[in-house]
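Visitor: File data.cif follows (mmCIF, C-alpha atoms and all ligand atoms):
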```cif
data_entry
#
loop_
_atom_site.label_atom_id
_atom_site.label_comp_id
_atom_site.auth_asym_id
_atom_site.auth_seq_id
_atom_site.Cartn_x
_atom_site.Cartn_y
_atom_site.Cartn_z
CA MET A 27 -36.68 12.94 -1.16
CA ASN A 28 -36.73 16.00 -3.40
CA ARG A 29 -36.03 15.83 -7.08
CA PHE A 30 -32.53 17.22 -6.79
CA VAL A 31 -31.43 14.65 -4.21
CA LEU A 32 -32.96 11.87 -6.28
CA LEU A 33 -31.24 13.14 -9.39
CA SER A 34 -27.85 13.44 -7.73
CA LEU A 35 -28.15 9.91 -6.36
CA ILE A 36 -28.86 8.59 -9.81
CA VAL A 37 -26.18 10.66 -11.52
CA GLY A 38 -23.47 10.69 -8.90
CA GLY A 39 -24.17 7.67 -6.75
CA LEU A 40 -23.30 7.73 -3.08
CA LEU A 41 -20.10 9.29 -1.82
CA ARG A 42 -18.46 8.35 1.42
CA GLY A 43 -17.41 11.26 3.60
CA SER A 44 -13.66 11.86 3.60
CA ALA A 45 -11.37 11.40 6.60
CA ALA A 46 -11.05 14.42 8.90
CA ASP A 47 -8.10 16.73 8.23
CA TRP A 48 -4.75 15.75 9.71
CA SER A 49 -4.38 17.26 13.16
CA SER A 50 -1.55 19.73 13.56
CA GLU A 51 0.10 17.42 16.13
CA GLU A 52 0.25 14.34 13.90
CA PHE A 53 3.41 15.22 11.99
CA VAL A 54 5.00 16.98 14.98
CA GLN A 55 4.61 13.77 16.96
CA ARG A 56 6.09 11.65 14.18
CA ARG A 57 9.20 13.86 14.07
CA ALA A 58 9.42 13.89 17.87
CA ARG A 59 9.31 10.08 17.95
CA MET A 60 11.91 9.99 15.20
CA LEU A 61 14.23 12.30 17.17
CA LYS A 62 13.81 10.07 20.21
CA GLN A 63 15.18 7.11 18.25
CA LEU A 64 18.46 8.92 17.61
CA ASP A 65 21.41 9.73 19.83
CA THR A 66 22.89 13.20 20.06
CA THR A 67 25.80 12.48 17.73
CA SER A 68 23.54 11.79 14.76
CA VAL A 69 21.92 13.91 12.08
CA VAL A 70 19.19 12.96 9.61
CA VAL A 71 19.02 14.51 6.16
CA MET A 72 16.23 13.60 3.78
CA ARG A 73 15.25 14.82 0.36
CA ALA A 74 11.88 14.79 -1.31
CA GLY A 75 11.65 12.21 -4.08
CA ASP A 76 12.35 13.33 -7.64
CA PRO A 77 9.72 13.20 -10.39
CA LYS A 78 10.05 10.00 -12.47
CA SER A 79 10.35 10.21 -16.20
CA ARG A 80 7.76 8.25 -18.19
CA SER A 81 9.22 8.96 -21.59
CA ASN A 82 10.91 11.93 -23.26
CA ASP A 83 9.74 15.05 -21.39
CA VAL A 84 6.66 13.55 -19.73
CA SER A 85 6.85 12.44 -16.10
CA PHE A 86 4.63 10.02 -14.21
CA LYS A 87 2.18 11.72 -11.90
CA TYR A 88 4.25 12.77 -8.91
CA ARG A 89 4.08 10.75 -5.72
CA GLN A 90 6.28 11.53 -2.72
CA GLU A 91 8.82 9.02 -1.39
CA SER A 92 7.05 7.37 1.56
CA ASN A 93 9.56 8.14 4.34
CA PHE A 94 9.64 11.81 3.41
CA LEU A 95 5.85 11.85 3.17
CA TYR A 96 5.64 10.22 6.61
CA LEU A 97 7.70 12.95 8.28
CA THR A 98 6.54 16.00 6.32
CA GLY A 99 3.19 15.33 4.63
CA ILE A 100 4.51 17.16 1.58
CA ASN A 101 3.54 15.60 -1.74
CA ALA A 102 5.80 17.66 -4.03
CA PRO A 103 9.45 17.52 -5.09
CA GLY A 104 12.22 19.90 -4.03
CA ALA A 105 12.10 20.08 -0.23
CA CYS A 106 14.73 18.82 2.24
CA LEU A 107 14.37 17.85 5.89
CA LEU A 108 17.10 17.97 8.52
CA LEU A 109 16.63 16.46 11.98
CA SER A 110 19.20 17.12 14.68
CA PRO A 111 18.71 15.62 18.16
CA ARG A 112 21.35 18.02 19.49
CA GLY A 113 19.89 21.01 17.70
CA VAL A 114 21.51 23.13 15.03
CA GLY A 115 21.94 26.90 15.06
CA VAL A 116 19.33 28.67 12.97
CA ASN A 117 18.85 32.46 12.92
CA GLY A 118 20.40 32.88 16.37
CA GLY A 119 18.32 30.10 17.94
CA LYS A 120 18.51 26.33 17.98
CA ALA A 121 16.30 23.97 15.96
CA HIS A 122 15.86 20.21 16.03
CA VAL A 123 13.78 20.18 12.87
CA VAL A 124 14.60 22.25 9.80
CA LEU A 125 12.54 22.07 6.63
CA PHE A 126 14.12 23.59 3.54
CA LYS A 127 11.61 24.50 0.88
CA ASP A 128 10.70 27.01 -1.77
CA ALA A 129 7.33 28.21 -2.94
CA SER A 130 7.24 25.37 -5.46
CA SER A 131 7.97 22.60 -2.93
CA GLY A 132 4.37 22.22 -1.77
CA THR A 133 2.74 22.61 1.62
CA SER A 134 2.86 20.28 4.58
CA ALA A 135 -0.27 18.40 5.61
CA GLY A 136 -1.71 19.57 8.92
CA HIS A 137 0.33 22.75 9.16
CA ASP A 138 0.34 24.78 5.96
CA GLN A 139 1.68 27.82 7.77
CA GLY A 140 5.03 26.23 8.53
CA ILE A 141 6.17 23.72 11.10
CA PRO A 142 5.48 24.41 14.78
CA ASP A 143 8.36 22.25 16.02
CA GLY A 144 11.17 23.83 14.03
CA ALA A 145 12.22 26.23 11.31
CA VAL A 146 11.36 26.59 7.64
CA LEU A 147 14.13 28.01 5.48
CA PRO A 148 14.63 28.54 1.76
CA THR A 149 16.47 25.63 0.07
CA GLU A 150 19.52 27.82 -0.69
CA ARG A 151 20.30 27.78 3.06
CA PHE A 152 20.54 23.98 3.14
CA GLU A 153 24.26 23.67 2.34
CA GLY A 154 25.38 26.03 5.12
CA ILE A 155 23.16 24.55 7.84
CA PHE A 156 24.02 21.02 6.77
CA GLN A 157 27.77 21.70 7.07
CA THR A 158 27.28 23.27 10.52
CA SER A 159 25.24 20.28 11.67
CA LEU A 160 28.10 17.91 10.82
CA SER A 161 30.47 19.14 13.50
CA GLY A 162 30.36 16.67 16.39
CA THR A 163 28.34 14.23 14.30
CA SER A 164 29.35 10.59 14.10
CA THR A 165 26.38 9.15 12.18
CA LEU A 166 24.67 10.75 9.20
CA TYR A 167 21.35 9.12 8.29
CA LEU A 168 20.31 9.67 4.67
CA SER A 169 17.10 8.93 2.81
CA THR A 170 17.25 5.65 0.99
CA PRO A 171 17.41 6.26 -2.76
CA ASP A 172 14.54 4.77 -4.80
CA LEU A 173 16.96 2.87 -6.95
CA GLY A 174 20.17 1.64 -5.31
CA PHE A 175 21.97 1.17 -8.62
CA VAL A 176 22.07 1.99 -12.28
CA ASN A 177 22.39 -0.85 -14.74
CA ASP A 178 25.31 -0.19 -17.09
CA TRP A 179 24.15 -2.86 -19.57
CA VAL A 180 26.84 -2.09 -22.16
CA ASN A 181 29.62 -3.03 -19.75
CA GLY A 182 27.50 -5.57 -17.85
CA LYS A 183 28.00 -3.68 -14.59
CA ARG A 184 25.80 -2.36 -11.88
CA MET A 185 26.81 1.03 -10.56
CA PHE A 186 25.79 1.44 -6.96
CA LEU A 187 25.29 5.20 -6.62
CA ASP A 188 24.37 4.91 -3.02
CA ARG A 189 27.57 3.04 -2.14
CA GLU A 190 29.71 5.42 -4.19
CA SER A 191 28.24 8.49 -2.57
CA ARG A 192 28.58 6.97 0.90
CA LYS A 193 32.22 6.06 0.30
CA SER A 194 33.15 9.45 -1.02
CA PHE A 195 31.34 11.24 1.81
CA GLU A 196 33.09 9.13 4.45
CA ARG A 197 36.44 9.79 2.77
CA GLU A 198 35.90 13.53 2.96
CA HIS A 199 34.48 13.45 6.48
CA PRO A 200 36.60 11.07 8.56
CA GLY A 201 34.79 10.00 11.72
CA ILE A 202 31.30 10.22 10.21
CA LYS A 203 29.51 7.04 9.18
CA VAL A 204 26.70 7.24 6.63
CA LYS A 205 23.65 5.03 7.19
CA SER A 206 20.24 4.66 5.63
CA VAL A 207 17.42 6.25 7.60
CA GLY A 208 15.02 3.58 6.32
CA PRO A 209 15.18 1.08 9.21
CA VAL A 210 14.77 3.82 11.84
CA ILE A 211 11.61 5.16 10.19
CA ALA A 212 10.31 1.65 9.50
CA SER A 213 10.16 1.00 13.24
CA LEU A 214 7.78 3.98 13.53
CA ARG A 215 5.80 3.43 10.32
CA GLN A 216 4.88 -0.13 11.26
CA ILE A 217 2.61 1.11 14.08
CA LYS A 218 -0.28 3.14 12.67
CA SER A 219 -1.70 6.12 14.54
CA ARG A 220 -5.43 6.67 14.86
CA GLU A 221 -5.29 9.21 12.03
CA GLU A 222 -3.38 6.82 9.79
CA VAL A 223 -5.91 4.04 10.45
CA GLU A 224 -8.64 6.50 9.46
CA ARG A 225 -6.96 6.97 6.05
CA ILE A 226 -6.53 3.24 5.53
CA ARG A 227 -10.16 2.71 6.54
CA HIS A 228 -11.27 5.20 3.90
CA ALA A 229 -8.98 3.71 1.24
CA VAL A 230 -10.44 0.29 2.03
CA ALA A 231 -14.05 1.54 1.94
CA ILE A 232 -13.75 3.13 -1.49
CA THR A 233 -11.83 0.11 -2.78
CA GLY A 234 -14.83 -1.91 -1.61
CA ASP A 235 -17.20 0.35 -3.53
CA GLY A 236 -15.01 -0.19 -6.59
CA LEU A 237 -15.17 -3.96 -6.17
CA ARG A 238 -18.98 -3.84 -5.77
CA ARG A 239 -19.23 -1.82 -8.96
CA ALA A 240 -17.03 -4.35 -10.75
CA MET A 241 -19.21 -7.21 -9.44
CA SER A 242 -22.27 -5.37 -10.79
CA VAL A 243 -20.91 -4.85 -14.29
CA CYS A 244 -19.04 -8.15 -14.76
CA HIS A 245 -20.36 -10.33 -17.61
CA PRO A 246 -19.03 -12.87 -20.10
CA GLY A 247 -17.56 -11.20 -23.19
CA ALA A 248 -16.36 -8.12 -21.31
CA ARG A 249 -12.64 -7.35 -21.19
CA GLU A 250 -10.70 -7.46 -17.94
CA TYR A 251 -9.98 -3.75 -18.30
CA GLU A 252 -13.69 -3.01 -18.07
CA LEU A 253 -13.61 -4.31 -14.50
CA GLN A 254 -10.41 -2.36 -13.88
CA ALA A 255 -12.17 0.78 -15.11
CA ALA A 256 -15.19 0.11 -12.86
CA VAL A 257 -12.98 -0.27 -9.79
CA GLU A 258 -10.80 2.71 -10.55
CA TYR A 259 -13.77 4.87 -11.48
CA GLU A 260 -15.30 4.40 -8.05
CA MET A 261 -12.00 4.90 -6.20
CA THR A 262 -11.14 8.04 -8.16
CA ARG A 263 -14.66 9.44 -7.85
CA GLN A 264 -14.31 9.16 -4.09
CA GLY A 265 -11.00 10.94 -3.74
CA ALA A 266 -8.26 8.39 -4.35
CA ALA A 267 -5.51 10.38 -6.08
CA TYR A 268 -3.69 7.17 -6.99
CA GLN A 269 -3.96 3.43 -6.91
CA GLY A 270 -1.54 1.94 -4.39
CA PHE A 271 -0.33 -0.41 -7.16
CA PRO A 272 -1.41 -1.33 -10.69
CA SER A 273 -4.81 -3.03 -10.55
CA ILE A 274 -4.66 -6.77 -11.17
CA VAL A 275 -7.66 -8.19 -13.06
CA GLY A 276 -6.88 -11.70 -14.24
CA SER A 277 -9.51 -14.07 -15.62
CA GLY A 278 -9.15 -17.71 -16.64
CA GLU A 279 -5.49 -18.72 -16.75
CA ASN A 280 -4.47 -15.11 -16.04
CA SER A 281 -5.75 -15.72 -12.51
CA LEU A 282 -2.65 -17.88 -12.03
CA VAL A 283 -0.28 -14.98 -12.76
CA LEU A 284 0.33 -13.33 -9.40
CA HIS A 285 1.25 -9.86 -10.68
CA TYR A 286 -0.73 -9.90 -13.93
CA ASP A 287 -1.67 -6.33 -14.83
CA GLU A 288 -2.19 -6.36 -18.59
CA ASN A 289 -5.94 -6.73 -17.99
CA THR A 290 -6.67 -7.08 -21.72
CA SER A 291 -8.25 -10.53 -22.13
CA VAL A 292 -11.88 -11.23 -22.90
CA MET A 293 -13.55 -12.88 -19.91
CA ASN A 294 -15.43 -16.08 -20.64
CA ALA A 295 -18.43 -17.73 -19.00
CA GLY A 296 -17.18 -20.49 -16.74
CA ASP A 297 -14.00 -18.61 -15.79
CA VAL A 298 -13.19 -16.94 -12.51
CA VAL A 299 -11.59 -13.49 -12.37
CA VAL A 300 -9.18 -12.46 -9.60
CA MET A 301 -9.26 -8.73 -8.82
CA ASP A 302 -6.42 -7.53 -6.57
CA VAL A 303 -6.83 -3.76 -6.17
CA GLY A 304 -6.26 -0.91 -3.74
CA ALA A 305 -7.06 2.79 -3.63
CA GLU A 306 -4.44 5.12 -2.20
CA TYR A 307 -6.08 7.80 -0.09
CA GLU A 308 -3.99 10.67 1.34
CA GLY A 309 -0.93 8.49 0.99
CA TYR A 310 -2.37 5.28 2.47
CA SER A 311 -3.13 2.23 0.42
CA ALA A 312 -5.72 -0.50 0.66
CA ASP A 313 -4.96 -3.98 -0.65
CA VAL A 314 -8.02 -6.14 -1.23
CA THR A 315 -8.62 -9.15 -3.48
CA ARG A 316 -11.91 -10.68 -4.53
CA THR A 317 -12.44 -13.58 -6.91
CA LEU A 318 -15.63 -13.59 -8.97
CA PRO A 319 -17.27 -16.08 -11.31
CA VAL A 320 -17.48 -14.30 -14.68
CA SER A 321 -20.95 -15.74 -15.41
CA GLY A 322 -22.30 -14.76 -11.99
CA ARG A 323 -22.29 -18.30 -10.56
CA PHE A 324 -19.34 -20.39 -9.40
CA THR A 325 -19.09 -23.93 -10.80
CA ARG A 326 -19.14 -26.74 -8.22
CA GLU A 327 -15.34 -27.09 -8.45
CA GLN A 328 -14.78 -23.32 -8.19
CA ARG A 329 -17.07 -23.16 -5.20
CA ASP A 330 -15.11 -25.99 -3.59
CA ILE A 331 -11.80 -24.19 -3.89
CA TYR A 332 -13.36 -20.83 -3.09
CA ASP A 333 -14.81 -22.06 0.18
CA ALA A 334 -11.54 -23.79 1.10
CA VAL A 335 -9.72 -20.46 0.67
CA LEU A 336 -12.42 -18.61 2.62
CA VAL A 337 -12.19 -21.08 5.52
CA ALA A 338 -8.38 -20.83 5.50
CA GLN A 339 -8.71 -17.05 5.55
CA ALA A 340 -11.12 -17.09 8.51
CA LYS A 341 -8.73 -19.32 10.46
CA THR A 342 -5.78 -17.11 9.56
CA ILE A 343 -7.65 -13.96 10.60
CA ALA A 344 -8.50 -15.62 13.92
CA SER A 345 -4.76 -16.13 14.47
CA ILE A 346 -4.01 -12.40 14.15
CA LYS A 347 -3.35 -10.86 17.55
CA ALA A 348 -0.62 -8.92 19.31
CA GLY A 349 2.28 -11.14 20.36
CA ARG A 350 1.75 -13.71 17.61
CA THR A 351 4.50 -14.06 15.04
CA PHE A 352 4.11 -13.76 11.29
CA ALA A 353 5.39 -17.33 11.10
CA GLN A 354 2.44 -18.48 13.23
CA VAL A 355 0.06 -16.61 10.94
CA GLU A 356 1.60 -18.30 7.88
CA LYS A 357 1.24 -21.66 9.61
CA ALA A 358 -2.45 -21.06 10.39
CA ALA A 359 -3.14 -20.64 6.67
CA ARG A 360 -0.98 -23.57 5.64
CA ASP A 361 -2.51 -25.89 8.25
CA ALA A 362 -6.00 -25.11 6.96
CA PHE A 363 -4.94 -26.12 3.43
CA VAL A 364 -3.04 -29.17 4.65
CA ALA A 365 -6.24 -30.33 6.35
CA ARG A 366 -7.98 -30.24 2.95
CA GLY A 367 -5.04 -31.78 1.08
CA LEU A 368 -4.66 -28.59 -0.96
CA ASP A 369 -1.39 -27.15 0.35
CA ARG A 370 0.47 -28.11 -2.84
CA PHE A 371 -1.37 -25.25 -4.58
CA ILE A 372 -0.03 -22.51 -2.30
CA ARG A 373 2.17 -20.09 -4.24
CA HIS A 374 2.77 -17.14 -1.93
CA GLY A 375 2.88 -15.90 1.65
CA VAL A 376 -0.28 -14.91 3.41
CA SER A 377 0.48 -11.58 5.10
CA HIS A 378 2.35 -8.29 4.78
CA HIS A 379 2.12 -4.82 6.28
CA VAL A 380 0.05 -2.24 4.43
CA GLY A 381 0.27 1.54 4.85
CA LEU A 382 2.06 4.30 2.96
CA ASP A 383 3.33 1.52 0.72
CA VAL A 384 1.10 -1.34 -0.27
CA HIS A 385 3.88 -3.68 0.81
CA ASP A 386 4.67 -1.53 3.79
CA VAL A 387 7.84 -1.50 5.86
CA GLY A 388 7.89 -3.10 9.29
CA SER A 389 9.07 -6.04 11.30
CA ILE A 390 7.90 -9.42 10.09
CA ASP A 391 8.69 -10.94 13.45
CA THR A 392 5.94 -10.18 15.99
CA LEU A 393 2.51 -8.59 15.55
CA ARG A 394 1.87 -5.51 17.67
CA VAL A 395 -1.17 -3.38 18.41
CA GLY A 396 -1.54 -0.73 15.68
CA MET A 397 -0.10 -2.82 12.85
CA VAL A 398 -2.24 -3.21 9.72
CA VAL A 399 -1.56 -6.37 7.76
CA THR A 400 -3.17 -8.27 4.92
CA VAL A 401 -4.53 -11.80 5.15
CA GLU A 402 -4.47 -13.20 1.64
CA PRO A 403 -4.54 -16.95 1.22
CA GLY A 404 -4.76 -18.24 -2.34
CA LEU A 405 -4.72 -21.50 -4.25
CA TYR A 406 -3.47 -21.77 -7.83
CA ILE A 407 -3.95 -24.91 -9.87
CA PRO A 408 -2.01 -25.12 -13.13
CA LYS A 409 -3.73 -26.38 -16.27
CA THR A 410 -1.24 -29.23 -16.51
CA ASP A 411 -1.73 -30.55 -12.96
CA THR A 412 -3.13 -34.07 -13.27
CA THR A 413 -3.18 -34.69 -9.50
CA ILE A 414 -6.67 -33.18 -9.38
CA ALA A 415 -9.83 -33.58 -11.51
CA ALA A 416 -9.98 -31.60 -14.76
CA GLY A 417 -12.66 -29.16 -13.58
CA TYR A 418 -10.22 -27.79 -11.00
CA ARG A 419 -7.41 -26.97 -13.38
CA GLY A 420 -6.25 -23.77 -15.01
CA TRP A 421 -7.34 -21.10 -12.54
CA GLY A 422 -6.74 -19.70 -9.07
CA VAL A 423 -8.58 -18.13 -6.17
CA ARG A 424 -7.28 -15.44 -3.81
CA ILE A 425 -9.20 -13.63 -1.07
CA GLU A 426 -7.44 -10.74 0.62
CA ASP A 427 -8.49 -8.47 3.45
CA ASP A 428 -6.82 -5.78 5.55
CA VAL A 429 -6.65 -6.38 9.28
CA LEU A 430 -5.84 -3.99 12.15
CA VAL A 431 -4.21 -5.51 15.24
CA THR A 432 -6.12 -4.19 18.27
CA GLU A 433 -5.85 -4.47 22.06
CA SER A 434 -8.59 -7.10 22.08
CA GLY A 435 -7.50 -9.06 19.00
CA ASN A 436 -8.10 -7.66 15.55
CA GLU A 437 -10.51 -5.77 13.35
CA VAL A 438 -11.03 -6.64 9.69
CA LEU A 439 -11.09 -3.18 8.11
CA SER A 440 -12.45 -4.58 4.84
CA ASP A 441 -15.17 -6.67 6.48
CA MET A 442 -17.91 -4.72 4.66
CA ILE A 443 -16.66 -5.88 1.25
CA PRO A 444 -18.67 -8.97 0.28
CA ARG A 445 -16.57 -12.11 0.30
CA LYS A 446 -18.89 -15.08 0.84
CA ALA A 447 -19.56 -16.82 -2.47
CA ALA A 448 -23.36 -16.44 -2.13
CA GLU A 449 -23.06 -12.69 -1.37
CA ILE A 450 -20.91 -12.13 -4.44
CA GLU A 451 -23.31 -14.13 -6.63
CA SER A 452 -26.24 -12.14 -5.29
CA ILE A 453 -24.62 -8.77 -6.08
CA MET A 454 -23.69 -9.99 -9.55
CA LYS A 455 -27.29 -11.05 -10.18
CA LYS A 456 -28.72 -7.71 -9.03
CA GLY A 457 -26.01 -5.98 -11.02
CA ARG A 458 -27.66 -6.94 -14.28
CA HIS A 459 -30.14 -4.16 -13.46
CA GLN A 460 -28.22 -1.65 -11.38
CA VAL A 461 -24.90 -0.90 -9.77
CA VAL A 462 -25.17 -2.00 -6.14
CA LEU A 463 -23.38 0.26 -3.71
CA PRO A 464 -23.88 0.17 0.06
CA GLY A 465 -26.30 2.70 1.55
CA LYS A 466 -24.93 5.33 3.92
MN MN A 501 -1.33 -8.03 -0.75
#
```
Now, as a test, write the supplied structure out as structure tokens.
Guide:
Amino acid sequence: MNRFVLLSLIVGGLLRGSAADWSSEEFVQRRARMLKQLDTTSVVVMRAGDPKSRSNDVSFKYRQESNFLYLTGINAPGACLLLSPRGVGVNGGKAHVVLFKDASSGTSAGHDQGIPDGAVLPTERFEGIFQTSLSGTSTLYLSTPDLGFVNDWVNGKRMFLDRESRKSFEREHPGIKVKSVGPVIASLRQIKSREEVERIRHAVAITGDGLRRAMSVCHPGAREYELQAAVEYEMTRQGAAYQGFPSIVGSGENSLVLHYDENTSVMNAGDVVVMDVGAEYEGYSADVTRTLPVSGRFTREQRDIYDAVLVAQAKTIASIKAGRTFAQVEKAARDAFVARGLDRFIRHGVSHHVGLDVHDVGSIDTLRVGMVVTVEPGLYIPKTDTTIAAGYRGWGVRIEDDVLVTESGNEVLSDMIPRKAAEIESIMKKGRHQVVLPGK
């Protein structure tokens, strides 16, 4: 190893390679599948999400609305997409896909030069083409707004913008019904393509590196946000432009708060800390939870509960296969806890889809090949619960992994992230001397 390589390993640490570029067919195929869902009397019109105000004139970092991102790959505001199964007249020809964008509306993933399956027009042409597309149309599918209503707190009313706009459109265009495009796209988004799985795999891998770094630097007296910083440092360093959701780092009694994200408390020896985190990589989120002993070693009681959750998780993962229902998966987890007499400490469901959204859209009826779902059993024992010995009270344990449904059963995408108690303890022990990341 030459000096430069050695130096860059020490300074930079290891980087995972990134996923290959999107193929030019990926987004074309998504739109083609979308068009196939629709009959010839329908039209789809979608708008890129608007920037969200943080305060005064500062916006949050922009992130595209997921349905629009799914069909266009554009992560910028301003563009519009029109899909017409019948085809709409554009520049003397006929197009089924029309993207309206300006120079500022960003480029599309996989096909920066335009879209091979349709036309790209300046946004000022939208109104005219849209009106033309309406003749002979009986259903207009619109993007679902982020927020269905505005709270008018002074008058104690909710104003449903979506409903108002639908009503007024239907009044002006008799014979056309307005529907949300959400459910149609959800039926596509729930099955992940090979290229989507690649993104999720990468998001999971760098989330794992973040969790390993957090395990290495965790010590009594540190603040929860120090672990948050360790996780997010590693994810960001390896190309995650966002976190899929605010990182949850809850120690002691904070481990009982399911969506705790203040992450400000001092972590004490003898406490556990629940870290529920996920990098978002090229739009796709991971969702992984690990529970660590702050001191580096679980107490006997913590180990008891930890292993019960781990066993329940293994049984639940074994139940994941195509054709099974989500209800059966829930039951697998519950049964494992019932067998140990611990089911009274269950506080949440055990599985959800993960993808462009961390709680991704999709059917929660039957599992199908290509779905990616979490398996996240947890037990939460309140401080005041006298049905169990004192050493068990006032903390919780959750273990969460991301699982791909395959032809032959399933694949745990986050399997490389340590989750056995002894593995975690061993990394934490080594971590006193160095940050332990996996070799390439
Ligand atoms: Mn989850």
Visitor: Using all atoms listed in the file, find each protein or nucleic acid residue lying at most 8 Å from ligand MN 501 (chain A); present the set as a PyMOL selection string.
Guide: chain A and resi 302+313-315+377-378+380+384-385+400-402+426
Visitor: Just give me the gap between atom CA of Arg424 of chain A and atom CA of Leu336 of chain A in Å, one decimal is fine.
Guide: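 Between atom CA of Arg424 of chain A and atom CA of Leu336 of chain A the gap is 8.8 Å.
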Visitor: Kindly indicate which residue among A:Met454, A:Leu253, A:Ala231, A:Ile443 lies nearest to Leu41 of chain A, using only C-alpha atoms for the distances.
Guide: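 The shortest atom-to-atom distance to Leu41 of chain A comes from A:Ala231.
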Visitor: Could you name the residues that touch Leu368 of chain A at 9 Å or less, counting all atoms listed in the file, but leaving out those on the same chain fewer than 4 positions away, as number ranges by chain?
Guide: A: 331, 334, 362-364, 372, 405
Visitor: Draw an axis-aligned box tight on the listed atoms of segment 277-291 of chain A, then pad every side by 5 Å and write out centre and edge lengths in Å to one decimal as lines of an AutoDock Vina configuration file.
Guide:
```
center_x = -4.1
center_y = -12.5
center_z = -15.8
size_x = 20.8
size_y = 22.4
size_z = 22.7
```
Visitor: If we count only C-alpha atoms and set the cut-off at 9 Å, which residues sit around Val438 of chain A, ignoring sequence neighbours fewer than 6 positions away in its own chain? Please answer as a PyMOL selection string.
Guide: chain A and resi 343+427-431
Visitor: Please produce an output containing C-alpha atoms for each residue in the selection, written as a PDB file, in the coordinates of the input.
Guide:
```
ATOM      1  CA  ILE A 343      -7.650 -13.960  10.600  1.00  0.00           C
ATOM      2  CA  ASP A 427      -8.490  -8.470   3.450  1.00  0.00           C
ATOM      3  CA  ASP A 428      -6.820  -5.780   5.550  1.00  0.00           C
ATOM      4  CA  VAL A 429      -6.650  -6.380   9.280  1.00  0.00           C
ATOM      5  CA  LEU A 430      -5.840  -3.990  12.150  1.00  0.00           C
ATOM      6  CA  VAL A 431      -4.210  -5.510  15.240  1.00  0.00           C
TER       7      VAL A 431
END
```
Visitor: My list of candidates is A:Val398, A:Leu463, A:Val298, A:Met442. Which is closest to Arg419 of chain A when distances are computed with all atoms listed in the file?
Guide: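 When distances to Arg419 of chain A are compared using all atoms listed in the file, the smallest one comes from A:Val298.
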Visitor: Show me, as a PyMOL selection string, the residues that have an atom within 8 Å of Gln264 of chain A when counting all atoms listed in the file, minus same-chain residues fewer than 2 positions from it.
Guide: chain A and resi 41-42+232+260-262+266
Visitor: Rank A:Glu308, A:Gln216, A:Pro246, A:Ala267 by their smallest atom-to-atom distance to Ala295 of chain A, using all atoms listed in the file, and report the top residue only.
Guide: A:Pro246
Visitor: For the point (24.0, 23.5, 8.9) in file coordinates, what residues are within 10 Å, counting all atoms listed in the file? Give the answer as a PDB file with C-alpha atoms, keeping the file's coordinate frame?
Guide:
```pdb
ATOM      1  CA  LEU A 108      17.100  17.970   8.520  1.00  0.00           C
ATOM      2  CA  SER A 110      19.200  17.120  14.680  1.00  0.00           C
ATOM      3  CA  VAL A 114      21.510  23.130  15.030  1.00  0.00           C
ATOM      4  CA  GLY A 115      21.940  26.900  15.060  1.00  0.00           C
ATOM      5  CA  VAL A 116      19.330  28.670  12.970  1.00  0.00           C
ATOM      6  CA  VAL A 124      14.600  22.250   9.800  1.00  0.00           C
ATOM      7  CA  ARG A 151      20.300  27.780   3.060  1.00  0.00           C
ATOM      8  CA  PHE A 152      20.540  23.980   3.140  1.00  0.00           C
ATOM      9  CA  GLU A 153      24.260  23.670   2.340  1.00  0.00           C
ATOM     10  CA  GLY A 154      25.380  26.030   5.120  1.00  0.00           C
ATOM     11  CA  ILE A 155      23.160  24.550   7.840  1.00  0.00           C
ATOM     12  CA  PHE A 156      24.020  21.020   6.770  1.00  0.00           C
ATOM     13  CA  GLN A 157      27.770  21.700   7.070  1.00  0.00           C
ATOM     14  CA  THR A 158      27.280  23.270  10.520  1.00  0.00           C
ATOM     15  CA  SER A 159      25.240  20.280  11.670  1.00  0.00           C
ATOM     16  CA  LEU A 160      28.100  17.910  10.820  1.00  0.00           C
ATOM     17  CA  SER A 161      30.470  19.140  13.500  1.00  0.00           C
TER      18      SER A 161
END
```
